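Structure data follow from final-v4.txt (compact mmCIF, C-alpha atoms):
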```txt
# COMPACT_ATOMS: atom_id res chain seq x y z
CA MET D 219 -149.47 28.34 -132.93
CA PHE D 220 -150.56 30.84 -130.25
CA GLU D 221 -152.07 28.04 -128.13
CA LYS D 222 -148.80 26.07 -128.30
CA LEU D 223 -146.88 29.16 -127.18
CA ILE D 224 -149.29 29.63 -124.25
CA GLN D 225 -148.93 25.94 -123.29
CA LYS D 226 -145.13 26.28 -123.30
CA LEU D 227 -145.36 29.44 -121.21
CA ILE D 228 -147.62 27.73 -118.65
CA THR D 229 -145.26 24.72 -118.47
CA LEU D 230 -142.27 27.02 -117.92
CA LEU D 231 -144.11 28.91 -115.21
CA PHE D 232 -145.05 25.70 -113.39
CA LEU D 233 -141.45 24.45 -113.58
CA ASN D 234 -140.27 27.79 -112.26
CA TYR D 235 -142.66 27.56 -109.29
CA ILE D 236 -141.80 23.96 -108.51
CA SER D 237 -138.03 24.43 -108.70
CA PHE D 238 -137.64 27.81 -107.00
CA CYS D 239 -136.42 28.12 -103.43
CA GLY D 240 -137.78 31.44 -102.29
CA PHE D 241 -137.85 33.89 -99.44
CA ALA D 242 -140.58 36.44 -98.51
CA GLN D 243 -143.19 37.84 -100.82
CA GLY D 244 -145.65 40.70 -101.08
CA PRO D 245 -149.44 40.59 -101.43
CA PRO D 246 -151.01 38.77 -104.41
CA ILE D 247 -151.82 40.82 -107.53
CA THR D 248 -155.24 39.65 -108.70
CA ALA D 249 -156.33 37.62 -105.66
CA GLU D 250 -157.16 38.94 -102.18
CA THR D 251 -154.75 38.91 -99.24
CA PRO D 252 -155.82 37.83 -95.73
CA ILE D 253 -153.27 40.17 -94.13
CA MET D 254 -154.81 43.54 -93.37
CA LEU D 255 -151.59 45.42 -92.71
CA GLY D 256 -148.96 47.52 -94.45
CA LEU D 257 -150.09 48.40 -97.93
CA GLU D 258 -153.47 46.82 -97.30
CA GLY D 259 -154.21 49.09 -94.35
CA GLY D 260 -154.07 52.89 -94.51
CA GLY D 261 -152.75 52.68 -98.04
CA ILE D 262 -153.87 53.38 -101.58
CA ARG D 263 -153.91 50.91 -104.42
CA THR D 264 -154.42 51.71 -108.07
CA PHE D 265 -153.89 49.80 -111.27
CA GLY D 266 -154.66 50.16 -114.93
CA LYS D 267 -156.25 47.14 -116.56
CA PHE D 268 -156.44 46.80 -120.32
CA ILE D 269 -158.94 44.21 -121.60
CA SER D 270 -158.73 43.17 -125.22
CA LYS D 271 -161.89 41.52 -126.57
CA GLU D 272 -162.81 40.50 -130.12
CA ASN D 273 -165.03 43.56 -130.71
CA VAL D 274 -164.01 46.01 -128.04
CA ASN D 275 -161.11 47.26 -125.95
CA ILE D 276 -161.74 48.27 -122.32
CA TYR D 277 -159.49 50.22 -119.97
CA ILE D 278 -160.31 50.24 -116.24
CA GLN D 279 -158.51 52.39 -113.67
CA PRO D 280 -159.83 51.62 -110.17
CA ILE D 281 -158.54 53.37 -107.05
CA GLY D 282 -158.87 51.31 -103.87
CA ILE D 283 -158.60 52.88 -100.41
CA PRO D 284 -158.65 50.42 -97.48
CA TYR D 285 -158.66 51.54 -93.85
CA ASN D 286 -158.12 49.43 -90.75
CA ILE D 287 -160.67 50.11 -87.99
CA THR D 288 -158.96 47.46 -85.83
CA SER D 289 -156.37 44.80 -86.63
CA LYS D 290 -159.29 42.42 -87.36
CA PHE D 291 -161.66 44.76 -89.17
CA GLN D 292 -161.09 46.71 -92.37
CA VAL D 293 -163.36 48.94 -94.44
CA GLY D 294 -162.69 50.58 -97.78
CA GLY D 295 -163.90 51.85 -101.10
CA ILE D 296 -163.09 51.15 -104.75
CA PHE D 297 -163.66 53.92 -107.28
CA PRO D 298 -163.29 52.57 -110.84
CA PHE D 299 -162.91 54.73 -113.96
CA LYS D 300 -163.82 52.85 -117.13
CA PHE D 301 -163.16 53.64 -120.80
CA ILE D 302 -164.74 51.52 -123.55
CA SER D 303 -163.60 51.61 -127.18
CA PRO D 304 -165.77 49.49 -129.51
CA LYS D 305 -164.12 48.73 -132.85
CA GLY D 306 -165.15 51.38 -135.36
CA ALA D 307 -166.88 53.56 -132.75
CA GLU D 308 -165.96 56.39 -130.39
CA THR D 309 -164.60 55.82 -126.88
CA THR D 310 -166.91 56.50 -123.95
CA GLY D 311 -165.64 56.73 -120.41
CA GLY D 312 -166.21 57.90 -116.84
CA LEU D 313 -166.74 56.78 -113.28
CA SER D 314 -168.19 53.26 -113.18
CA ASP D 315 -169.92 51.46 -110.27
CA ILE D 316 -168.50 52.43 -106.86
CA CYS D 317 -167.92 49.57 -104.44
CA LEU D 318 -167.66 49.68 -100.63
CA PHE D 319 -166.20 46.70 -98.80
CA THR D 320 -165.49 45.26 -95.37
CA LYS D 321 -163.16 42.47 -94.28
CA TYR D 322 -163.27 40.70 -90.93
CA GLN D 323 -160.70 38.23 -89.63
CA LEU D 324 -162.39 34.98 -88.57
CA PHE D 325 -159.36 32.82 -87.83
CA LYS D 326 -155.63 33.34 -87.29
CA LYS D 327 -152.82 30.89 -86.52
CA ASP D 328 -149.41 32.52 -86.25
CA GLY D 329 -145.98 30.88 -86.12
CA ILE D 330 -142.40 32.06 -86.52
CA ALA D 331 -142.27 33.77 -89.94
CA LYS D 332 -145.55 32.18 -91.03
CA THR D 333 -149.28 32.70 -90.67
CA PHE D 334 -152.58 31.13 -91.70
CA ARG D 335 -155.64 33.37 -91.80
CA ILE D 336 -159.28 33.26 -92.86
CA LEU D 337 -161.31 36.40 -93.49
CA ALA D 338 -164.95 37.05 -94.34
CA THR D 339 -165.66 39.81 -96.81
CA VAL D 340 -168.74 41.70 -98.00
CA LYS D 341 -168.68 44.03 -101.01
CA GLN D 342 -171.54 46.29 -102.00
CA SER D 343 -171.56 47.80 -105.51
CA PHE D 344 -173.78 50.77 -106.35
CA PRO D 345 -175.03 51.65 -109.86
CA THR D 346 -173.16 54.96 -110.04
CA GLY D 347 -171.84 54.40 -113.55
CA ASN D 348 -173.57 56.03 -116.50
CA THR D 349 -176.02 53.66 -118.22
CA SER D 350 -177.45 56.13 -120.76
CA SER D 351 -174.26 56.17 -122.83
CA LEU D 352 -173.54 53.61 -125.54
CA PRO D 353 -171.75 51.42 -124.61
CA LYS D 354 -172.79 51.55 -120.92
CA ILE D 355 -170.15 52.54 -118.35
CA GLY D 356 -172.09 51.19 -115.35
CA SER D 357 -173.99 47.95 -114.78
CA GLY D 358 -177.17 49.73 -113.67
CA ILE D 359 -177.71 47.23 -110.86
CA TYR D 360 -176.87 46.80 -107.18
CA GLN D 361 -174.54 43.89 -106.45
CA THR D 362 -173.71 42.27 -103.10
CA TYR D 363 -170.74 39.94 -102.87
CA VAL D 364 -170.26 37.65 -99.85
CA GLY D 365 -167.06 35.65 -99.70
CA LEU D 366 -164.12 34.13 -97.86
CA ILE D 367 -160.40 34.94 -98.15
CA ILE D 368 -157.92 32.26 -97.11
CA GLY D 369 -154.15 32.49 -97.05
CA ARG D 370 -151.10 30.67 -95.80
CA ILE D 371 -148.09 32.94 -95.90
CA SER D 372 -144.52 32.13 -94.93
CA THR D 373 -141.22 33.79 -95.74
CA GLU D 374 -140.75 31.17 -98.47
CA ILE D 375 -144.13 31.01 -100.21
CA GLY D 376 -147.54 32.62 -100.18
CA ILE D 377 -150.64 30.60 -101.06
CA TYR D 378 -153.84 32.59 -101.37
CA GLY D 379 -157.42 31.75 -102.29
CA ASP D 380 -160.69 33.62 -102.25
CA PHE D 381 -164.19 32.74 -103.39
CA GLY D 382 -167.67 34.10 -102.99
CA TYR D 383 -171.18 34.52 -104.31
CA ASN D 384 -172.32 37.71 -106.04
CA ILE D 385 -176.04 38.52 -105.62
CA THR D 386 -177.46 40.87 -108.24
CA SER D 387 -180.63 42.99 -108.43
CA ASN D 388 -183.18 43.76 -111.20
CA GLY D 389 -183.37 40.14 -112.39
CA ALA D 390 -179.73 39.99 -113.46
CA THR D 391 -178.01 36.65 -113.07
CA ASP D 392 -175.93 35.87 -109.97
CA ASN D 393 -172.37 34.59 -110.25
CA PHE D 394 -169.73 32.67 -108.30
CA LEU D 395 -166.22 34.13 -108.30
CA TYR D 396 -162.99 32.41 -107.30
CA ASN D 397 -159.28 33.29 -107.32
CA PHE D 398 -156.17 31.32 -106.46
CA SER D 399 -152.61 32.64 -106.18
CA VAL D 400 -149.11 31.36 -105.43
CA GLY D 401 -146.37 33.90 -104.78
CA ILE D 402 -142.63 33.32 -104.57
CA PRO D 403 -139.88 35.92 -104.02
CA LEU D 404 -136.84 35.95 -106.28
CA LEU D 405 -134.39 37.89 -104.10
CA PRO D 406 -132.85 36.88 -100.74
CA GLN D 407 -134.78 37.85 -97.67
CA LYS D 408 -133.74 40.98 -95.82
CA TYR D 409 -135.79 43.78 -94.33
CA PRO D 410 -135.99 46.48 -95.58
CA GLN D 411 -135.00 45.42 -99.04
CA LYS D 412 -135.62 45.72 -102.72
CA GLN D 413 -137.80 42.78 -103.72
CA ILE D 414 -138.91 41.11 -106.90
CA ASN D 415 -141.71 38.58 -106.51
CA THR D 416 -143.37 36.27 -109.02
CA PHE D 417 -146.98 35.20 -108.90
CA LEU D 418 -149.01 32.56 -110.68
CA GLU D 419 -152.70 33.25 -110.30
CA PHE D 420 -156.01 31.88 -111.53
CA ASN D 421 -159.18 33.97 -111.77
CA GLY D 422 -162.53 32.27 -112.31
CA ASN D 423 -166.10 33.43 -112.81
CA TYR D 424 -169.11 31.11 -113.03
CA ILE D 425 -172.37 32.76 -114.12
CA ILE D 426 -175.38 30.78 -112.90
CA ASP D 427 -177.99 31.41 -115.63
CA PRO D 428 -177.09 31.00 -118.47
CA LYS D 429 -174.21 28.75 -117.40
CA ILE D 430 -171.05 30.58 -118.45
CA HIS D 431 -167.64 29.72 -117.05
CA THR D 432 -164.50 31.79 -117.59
CA LEU D 433 -161.07 31.03 -116.15
CA PHE D 434 -157.89 33.06 -116.61
CA ILE D 435 -154.30 32.14 -115.83
CA SER D 436 -152.37 35.20 -114.67
CA PRO D 437 -148.59 35.17 -114.32
CA GLY D 438 -147.38 38.34 -112.60
CA LEU D 439 -144.36 40.24 -111.34
CA GLN D 440 -144.05 42.56 -108.38
CA PHE D 441 -141.26 45.05 -107.58
CA ILE D 442 -140.93 46.54 -104.10
CA PRO D 443 -138.32 49.33 -104.13
CA GLY D 444 -138.81 50.38 -100.50
CA ARG D 445 -140.89 50.18 -97.34
CA ARG D 446 -143.92 52.08 -98.61
CA LEU D 447 -144.07 51.57 -102.37
CA LEU D 448 -144.88 48.63 -104.65
CA PHE D 449 -145.24 48.21 -108.42
CA GLU D 450 -146.86 45.19 -110.06
CA THR D 451 -147.86 43.81 -113.41
CA SER D 452 -149.88 40.82 -114.53
CA PHE D 453 -150.80 39.25 -117.85
CA GLN D 454 -154.13 37.39 -117.87
CA ILE D 455 -154.83 34.79 -120.53
CA PRO D 456 -158.17 32.94 -120.87
CA ILE D 457 -157.94 29.15 -120.55
CA VAL D 458 -161.69 28.51 -120.21
CA GLN D 459 -164.48 30.52 -121.91
CA ASN D 460 -167.42 28.11 -121.98
CA ASN D 461 -170.70 29.09 -123.66
CA ILE D 462 -169.32 32.38 -124.94
CA THR D 463 -169.83 32.58 -128.69
CA THR D 464 -169.15 36.25 -129.46
CA ASN D 465 -166.82 38.93 -128.17
CA LYS D 466 -164.50 36.56 -126.32
CA THR D 467 -161.69 38.01 -124.21
CA LYS D 468 -158.31 37.71 -125.92
CA TYR D 469 -156.10 38.86 -122.99
CA MET D 470 -155.86 41.34 -120.13
CA ILE D 471 -152.84 43.34 -118.96
CA LEU D 472 -152.56 44.94 -115.54
CA PHE D 473 -150.10 47.60 -114.33
CA GLY D 474 -150.45 48.75 -110.76
CA THR D 475 -148.97 50.49 -107.76
CA ARG D 476 -149.64 50.45 -104.03
CA PHE D 477 -148.35 53.00 -101.55
CA LEU D 478 -148.81 53.98 -97.93
CA ILE D 479 -150.01 57.40 -96.92
CA ASN D 480 -149.04 57.08 -93.24
CA MET L 968 -79.91 53.34 -55.57
CA LEU L 969 -81.93 56.34 -54.50
CA ALA L 970 -82.04 57.55 -58.10
CA LEU L 971 -83.41 54.17 -59.22
CA TYR L 972 -86.09 54.29 -56.48
CA LYS L 973 -87.08 57.81 -57.58
CA TYR L 974 -87.16 56.68 -61.21
CA LYS L 975 -89.43 53.70 -60.34
CA THR L 976 -91.73 55.97 -58.30
CA ILE L 977 -92.03 58.48 -61.15
CA LEU L 978 -92.66 55.66 -63.66
CA SER L 979 -95.33 54.08 -61.47
CA PHE L 980 -97.01 57.43 -60.92
CA SER L 981 -96.90 58.18 -64.66
CA ILE L 982 -98.50 54.80 -65.50
CA LEU L 983 -101.18 55.43 -62.89
CA VAL L 984 -101.94 58.91 -64.31
CA PHE L 985 -101.93 57.50 -67.88
CA CYS L 986 -104.30 54.70 -66.94
CA THR L 987 -106.61 57.05 -65.05
CA LEU L 988 -106.75 59.51 -67.93
CA PHE L 989 -107.40 56.94 -70.64
CA SER L 990 -109.74 54.78 -68.62
CA THR L 991 -112.24 57.64 -68.15
CA PRO L 992 -113.83 57.47 -71.66
CA VAL L 993 -114.13 53.67 -71.38
CA ASN L 994 -116.01 54.06 -68.13
CA ALA L 995 -118.21 56.73 -69.75
CA GLN L 996 -118.99 54.38 -72.63
CA THR L 997 -119.94 51.58 -70.25
CA LYS L 998 -122.09 54.00 -68.28
CA LEU L 999 -123.82 55.12 -71.52
CA GLU L 1000 -124.53 51.51 -72.49
CA GLN L 1001 -125.90 50.78 -69.05
CA GLU L 1002 -128.27 53.71 -69.36
CA ARG L 1003 -130.25 51.92 -72.10
CA VAL L 1004 -132.25 48.73 -71.97
CA TYR L 1005 -132.12 46.42 -75.01
CA ILE L 1006 -135.21 44.44 -75.94
CA LYS L 1007 -135.60 41.38 -78.19
CA ILE L 1008 -139.21 40.71 -79.22
CA GLU L 1009 -140.48 37.53 -80.89
CA ILE L 1010 -143.38 38.37 -83.22
CA LYS L 1011 -145.30 35.37 -84.53
CA GLY L 1012 -147.10 35.72 -87.86
CA MET L 1013 -144.75 38.39 -89.24
CA ALA L 1014 -144.24 36.66 -92.59
CA CYS L 1015 -144.15 39.41 -95.21
CA PRO L 1016 -142.23 42.67 -95.68
CA PHE L 1017 -145.36 44.76 -95.18
CA CYS L 1018 -146.13 42.93 -91.96
CA ALA L 1019 -142.63 43.96 -90.85
CA TYR L 1020 -143.28 47.54 -91.92
CA GLY L 1021 -146.53 47.63 -89.93
CA MET L 1022 -144.73 46.31 -86.85
CA GLU L 1023 -141.77 48.68 -87.28
CA LYS L 1024 -144.20 51.61 -87.45
CA GLU L 1025 -145.95 50.54 -84.23
CA LEU L 1026 -142.74 49.82 -82.28
CA LYS L 1027 -141.33 53.25 -83.20
CA LYS L 1028 -144.24 54.75 -81.25
CA VAL L 1029 -142.86 53.26 -77.99
CA ALA L 1030 -141.41 56.08 -75.86
CA GLY L 1031 -137.63 56.33 -76.21
CA VAL L 1032 -137.38 54.09 -79.30
CA ASP L 1033 -135.64 55.76 -82.23
CA HIS L 1034 -134.62 52.67 -84.20
CA VAL L 1035 -136.23 49.29 -84.87
CA GLU L 1036 -134.31 46.40 -86.38
CA ILE L 1037 -136.19 43.42 -87.79
CA GLU L 1038 -135.04 39.90 -88.64
CA LEU L 1039 -137.93 38.74 -90.78
CA LYS L 1040 -136.91 35.10 -91.16
CA LYS L 1041 -136.55 34.63 -87.40
CA GLY L 1042 -139.63 36.71 -86.56
CA LEU L 1043 -137.62 38.99 -84.29
CA ALA L 1044 -137.58 42.73 -83.62
CA TYR L 1045 -134.88 44.57 -81.66
CA ILE L 1046 -135.40 47.90 -79.94
CA SER L 1047 -133.71 49.85 -77.17
CA THR L 1048 -134.95 52.59 -74.85
CA PRO L 1049 -133.41 54.76 -72.12
CA ILE L 1050 -133.60 52.82 -68.86
CA ASP L 1051 -135.99 55.35 -67.31
CA GLN L 1052 -138.41 54.79 -70.23
CA LYS L 1053 -138.26 50.99 -70.11
CA PRO L 1054 -141.57 49.62 -71.44
CA THR L 1055 -143.37 46.81 -69.64
CA LYS L 1056 -143.67 43.35 -71.19
CA GLU L 1057 -147.47 43.74 -71.15
CA SER L 1058 -147.36 47.05 -73.06
CA LEU L 1059 -145.17 45.49 -75.78
CA GLU L 1060 -147.46 42.45 -76.03
CA LYS L 1061 -150.45 44.79 -76.49
CA ILE L 1062 -148.67 46.62 -79.35
CA ILE L 1063 -148.02 43.31 -81.13
CA ILE L 1064 -151.59 42.04 -80.65
CA ASP L 1065 -153.08 45.40 -81.76
CA GLY L 1066 -150.79 45.23 -84.80
CA GLY L 1067 -152.47 41.96 -85.84
CA PHE L 1068 -149.79 39.49 -84.69
CA THR L 1069 -149.09 37.10 -81.83
CA ALA L 1070 -146.56 38.01 -79.16
CA GLY L 1071 -143.84 35.45 -78.37
CA LYS L 1072 -140.89 35.62 -75.99
CA ILE L 1073 -139.78 39.14 -74.92
CA GLU L 1074 -136.28 39.52 -73.48
CA PHE L 1075 -134.71 42.55 -71.77
CA ASP L 1076 -130.94 43.02 -71.41
CA ASP L 1077 -128.40 45.66 -70.37
CA HIS L 1078 -126.32 45.00 -73.49
CA PRO L 1079 -127.18 44.77 -77.21
CA PHE L 1080 -128.22 41.29 -78.34
CA ILE L 1081 -125.84 39.27 -80.51
CA ARG L 1082 -127.33 38.65 -83.93
CA ASP L 1083 -126.45 36.43 -86.84
CA ILE L 1084 -125.82 38.37 -90.00
CA THR L 1085 -125.31 36.59 -93.29
CA ILE L 1086 -122.93 38.30 -95.71
CA LYS L 1087 -122.37 36.59 -99.07
CA GLY L 1088 -123.54 33.24 -97.74
CA LYS L 1089 -121.29 33.36 -94.62
CA SER L 1090 -122.90 33.67 -91.22
CA ILE L 1091 -121.19 36.05 -88.83
CA GLN L 1092 -122.20 37.29 -85.39
CA ASN L 1093 -122.90 40.94 -84.70
```

Encoding of this model in structure tokens:
Amino acid sequence: MFEKLIQKLITLLFLNYISFCGFAQGPPITAETPIMLGLEGGGIRTFGKFISKENVNIYIQPIGIPYNITSKFQVGGIFPFKFISPKGAETTGGLSDICLFTKYQLFKKDGIAKTFRILATVKQSFPTGNTSSLPKIGSGIYQTYVGLIIGRISTEIGIYGDFGYNITSNGATDNFLYNFSVGIPLLPQKYPQKQINTFLEFNGNYIIDPKIHTLFISPGLQFIPGRRLLFETSFQIPIVQNNITTNKTKYMILFGTRFLIN
Amino acid sequence: MLALYKYKTILSFSILVFCTLFSTPVNAQTKLEQERVYIKIEIKGMACPFCAYGMEKELKKVAGVDHVEIELKKGLAYISTPIDQKPTKESLEKIIIDGGFTAGKIEFDDHPFIRDITIKGKSIQN
């Protein structure tokens, strides 16, 4: 019953994306953007993510602060607060693993009201989260992610993709991460304006050893009330969870905001 | 006959005074317009509202600019400055490149540029 409902929802979303004639859209919700400006430069991003699993509920509240050194080079930090509530046990929470990141623009092709860009990104996670608590808040390992961010953005549609390899320490298994996003605006184009944008996104994770593949489909909505403020929400549903026998993810919900401080 | 001549003279003089008096503000307006330079800037790659915000922020830093108007779909920005603070084409190109975009055609004019504005599906010129 639930699977049929999900299938219908996915079909409706695809039809919506195929049939819609759109205008200009904001940055993707769960994928990375290759444009290092506006809310992605000198701004703050935060979102609350609720993860519902079979045996546990997790709430993550990361705060991301990017800063543009030049128009081609960005640095930033992500400070995640994590709260874990196992079924029938007490909630534990606190600061999880801090991540520092850089983005560098490798390629840019600009046209009138359109752009195509490729960025390289490196993320370094530190084991700052508490690992003595049960359940653990941090991973207890260093992680280095090396990836590419690709995007073709026009005033009518935004197509984004990012993928990369995550190298772990202490004998933990490495993984390959990939995201894909299509964004379409629902309101006529005017600047400045109130905007409502829709996104259809896919978020994948392939763990090398043992071979575990997860893929989520994530329809999302974005509301931009003014020049410097953005609200967004996304609902992530698993469509692939290979080789996971226990504690499967049921769904994830994301509520977020981005705003400029300058 | 003499009375008619006097009447015509007075009428002509009155019209002249009237025209002189009322033409002064028009001349002042024209002078005010001529004191500013209007600039149309083509910005390639400006494809999202936050790109436009980033560019608006940078162009407002140009000396003498107090208002920036952006036509996102055409990739255009309009600014004006007092004529004695007229920026160079090179300085505007540098602002666009530093902002992460590609500079296109930059036009200077003594008068505001005519723009297409769409209201309820109808295109009008402004």

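Atom CA of Asp328 of chain D to atom CA of Ile253 of chain D spans 11.6 Å [interatomic distance, one decimal].
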
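Coordinates place atom CA of Asn393 of chain D at a distance of 19.4 Å from atom CA of Ser314 of chain D.
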
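Using all atoms listed in the file for every distance, the candidate list L:Ser1058, L:Leu1043, L:Ala1014, L:Asp1051 yields L:Asp1051 as the residue closest to Gly1031 of chain L.
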
- Query: Taking all atoms listed in the file into account, what are the residues of chain L at most 7 Å from chain D, put as number ranges by chain?
  - Reply: L: 1011-1018, 1020-1021, 1037-1042, 1065-1067, 1069

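For the set D:Ile316, D:Leu433, D:Ala249, D:Ile471, the residue with the smallest atom-to-atom gap to Pro456 of chain D is D:Leu433, counting all atoms listed in the file.
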
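Near Ala1044 of chain L, within 10 Å and counting all atoms listed in the file, sit Ile1006, Lys1007, Ile1008, Glu1009, Ile1010, Ala1019, Met1022, Glu1023, Leu1026, Val1035, Glu1036, Ile1037, Glu1038, Leu1039, Lys1041, Gly1042, Ile1046 and Ile1073 of chain L; same-chain residues fewer than 2 positions away were not included.
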
- Note on the structure: atom CA of Ser436 of chain D sits from atom CA of Gly365 of chain D at a separation of 21.0 Å

- Query: If I put a ball of radius 6 Å at (-166.2, 54.2, -109.6) in the file's coordinates, which residues poke into it when counting all atoms listed in the file, written as a PyMOL selection string?
  - Reply: chain D and resi 297-299+313-316

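Using all atoms listed in the file, the smallest distance between any of L:Lys1024, L:Tyr1045, L:Ile1063, L:Val1032 and Phe1080 of chain L comes from L:Tyr1045.
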
I'd like a table as CSV: residues in segment 355-379 of chain D with an atom no more than 10 Å from segment 340-349 of chain D, each row giving the shortest atom pair and its distance in Å to one decimal, all atoms listed in the file counted, sorted by chain and rising residue number.
```
residue,atom,partner,partner_atom,distance
D:Ile355,CA,D:Asn348,CA,5.2
D:Gly356,CA,D:Gly347,CA,3.7
D:Ser357,CA,D:Pro345,CA,6.2
D:Gly358,CA,D:Pro345,CA,4.8
D:Ile359,CA,D:Pro345,CA,5.3
D:Tyr360,CA,D:Phe344,CA,5.1
D:Gln361,CA,D:Ser343,CA,5.0
D:Thr362,CA,D:Gln342,CA,4.7
D:Tyr363,CA,D:Lys341,CA,4.9
D:Val364,CA,D:Val340,CA,4.7
D:Gly365,CA,D:Val340,CA,6.5
D:Leu366,CA,D:Val340,CA,8.9
```

- Name the residues within 12 Å of (-140.7, 51.4, -68.4), counting only C-alpha atoms in the file's coordinates, and put them as a VMD selection string. chain L and resid 1003 to 1006 1029 to 1032 1047 to 1059 1075

Please fill the gaps in segment 461-480 of chain D so it has N, CA and C atoms, and write that as a PDB file, keeping the file's coordinate frame.
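And here is the file that came out, selection_14.pdb:
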```
ATOM      1  N   ASN D 461    -169.405  28.495-123.284  1.00  0.00           N
ATOM      2  CA  ASN D 461    -170.700  29.090-123.660  1.00  0.00           C
ATOM      3  C   ASN D 461    -170.612  30.564-124.033  1.00  0.00           C
ATOM      4  N   ILE D 462    -169.433  31.021-124.412  1.00  0.00           N
ATOM      5  CA  ILE D 462    -169.320  32.380-124.940  1.00  0.00           C
ATOM      6  C   ILE D 462    -169.059  32.230-126.437  1.00  0.00           C
ATOM      7  N   THR D 463    -169.972  32.764-127.236  1.00  0.00           N
ATOM      8  CA  THR D 463    -169.830  32.580-128.690  1.00  0.00           C
ATOM      9  C   THR D 463    -169.268  33.830-129.360  1.00  0.00           C
ATOM     10  N   THR D 464    -169.641  35.001-128.843  1.00  0.00           N
ATOM     11  CA  THR D 464    -169.150  36.250-129.460  1.00  0.00           C
ATOM     12  C   THR D 464    -168.416  37.107-128.435  1.00  0.00           C
ATOM     13  N   ASN D 465    -167.565  37.951-128.964  1.00  0.00           N
ATOM     14  CA  ASN D 465    -166.820  38.930-128.170  1.00  0.00           C
ATOM     15  C   ASN D 465    -166.037  38.295-127.007  1.00  0.00           C
ATOM     16  N   LYS D 466    -165.321  37.232-127.332  1.00  0.00           N
ATOM     17  CA  LYS D 466    -164.500  36.560-126.320  1.00  0.00           C
ATOM     18  C   LYS D 466    -163.328  37.462-125.906  1.00  0.00           C
ATOM     19  N   THR D 467    -162.862  37.264-124.676  1.00  0.00           N
ATOM     20  CA  THR D 467    -161.690  38.010-124.210  1.00  0.00           C
ATOM     21  C   THR D 467    -160.429  37.377-124.789  1.00  0.00           C
ATOM     22  N   LYS D 468    -159.569  38.231-125.364  1.00  0.00           N
ATOM     23  CA  LYS D 468    -158.310  37.710-125.920  1.00  0.00           C
ATOM     24  C   LYS D 468    -157.226  37.667-124.833  1.00  0.00           C
ATOM     25  N   TYR D 469    -157.082  38.784-124.092  1.00  0.00           N
ATOM     26  CA  TYR D 469    -156.100  38.860-122.990  1.00  0.00           C
ATOM     27  C   TYR D 469    -156.381  40.105-122.148  1.00  0.00           C
ATOM     28  N   MET D 470    -155.766  40.149-120.985  1.00  0.00           N
ATOM     29  CA  MET D 470    -155.860  41.340-120.130  1.00  0.00           C
ATOM     30  C   MET D 470    -154.451  41.643-119.589  1.00  0.00           C
ATOM     31  N   ILE D 471    -154.133  42.916-119.514  1.00  0.00           N
ATOM     32  CA  ILE D 471    -152.840  43.340-118.960  1.00  0.00           C
ATOM     33  C   ILE D 471    -153.098  44.301-117.806  1.00  0.00           C
ATOM     34  N   LEU D 472    -152.371  44.098-116.726  1.00  0.00           N
ATOM     35  CA  LEU D 472    -152.560  44.940-115.540  1.00  0.00           C
ATOM     36  C   LEU D 472    -151.226  45.575-115.129  1.00  0.00           C
ATOM     37  N   PHE D 473    -151.250  46.888-114.906  1.00  0.00           N
ATOM     38  CA  PHE D 473    -150.100  47.600-114.330  1.00  0.00           C
ATOM     39  C   PHE D 473    -150.607  48.335-113.089  1.00  0.00           C
ATOM     40  N   GLY D 474    -149.923  48.129-111.971  1.00  0.00           N
ATOM     41  CA  GLY D 474    -150.450  48.750-110.760  1.00  0.00           C
ATOM     42  C   GLY D 474    -149.392  49.248-109.803  1.00  0.00           C
ATOM     43  N   THR D 475    -149.855  50.028-108.823  1.00  0.00           N
ATOM     44  CA  THR D 475    -148.970  50.490-107.760  1.00  0.00           C
ATOM     45  C   THR D 475    -149.753  50.519-106.444  1.00  0.00           C
ATOM     46  N   ARG D 476    -149.045  50.327-105.358  1.00  0.00           N
ATOM     47  CA  ARG D 476    -149.640  50.450-104.030  1.00  0.00           C
ATOM     48  C   ARG D 476    -148.692  51.303-103.195  1.00  0.00           C
ATOM     49  N   PHE D 477    -149.216  52.204-102.415  1.00  0.00           N
ATOM     50  CA  PHE D 477    -148.350  53.000-101.550  1.00  0.00           C
ATOM     51  C   PHE D 477    -149.061  53.379-100.262  1.00  0.00           C
ATOM     52  N   LEU D 478    -148.264  53.620 -99.239  1.00  0.00           N
ATOM     53  CA  LEU D 478    -148.810  53.980 -97.930  1.00  0.00           C
ATOM     54  C   LEU D 478    -148.856  55.492 -97.770  1.00  0.00           C
ATOM     55  N   ILE D 479    -149.923  55.964 -97.161  1.00  0.00           N
ATOM     56  CA  ILE D 479    -150.010  57.400 -96.920  1.00  0.00           C
ATOM     57  C   ILE D 479    -149.644  57.762 -95.488  1.00  0.00           C
ATOM     58  N   ASN D 480    -149.454  56.755 -94.627  1.00  0.00           N
ATOM     59  CA  ASN D 480    -149.040  57.080 -93.240  1.00  0.00           C
ATOM     60  C   ASN D 480    -147.865  56.235 -92.824  1.00  0.00           C
TER      61      ASN D 480
END
```
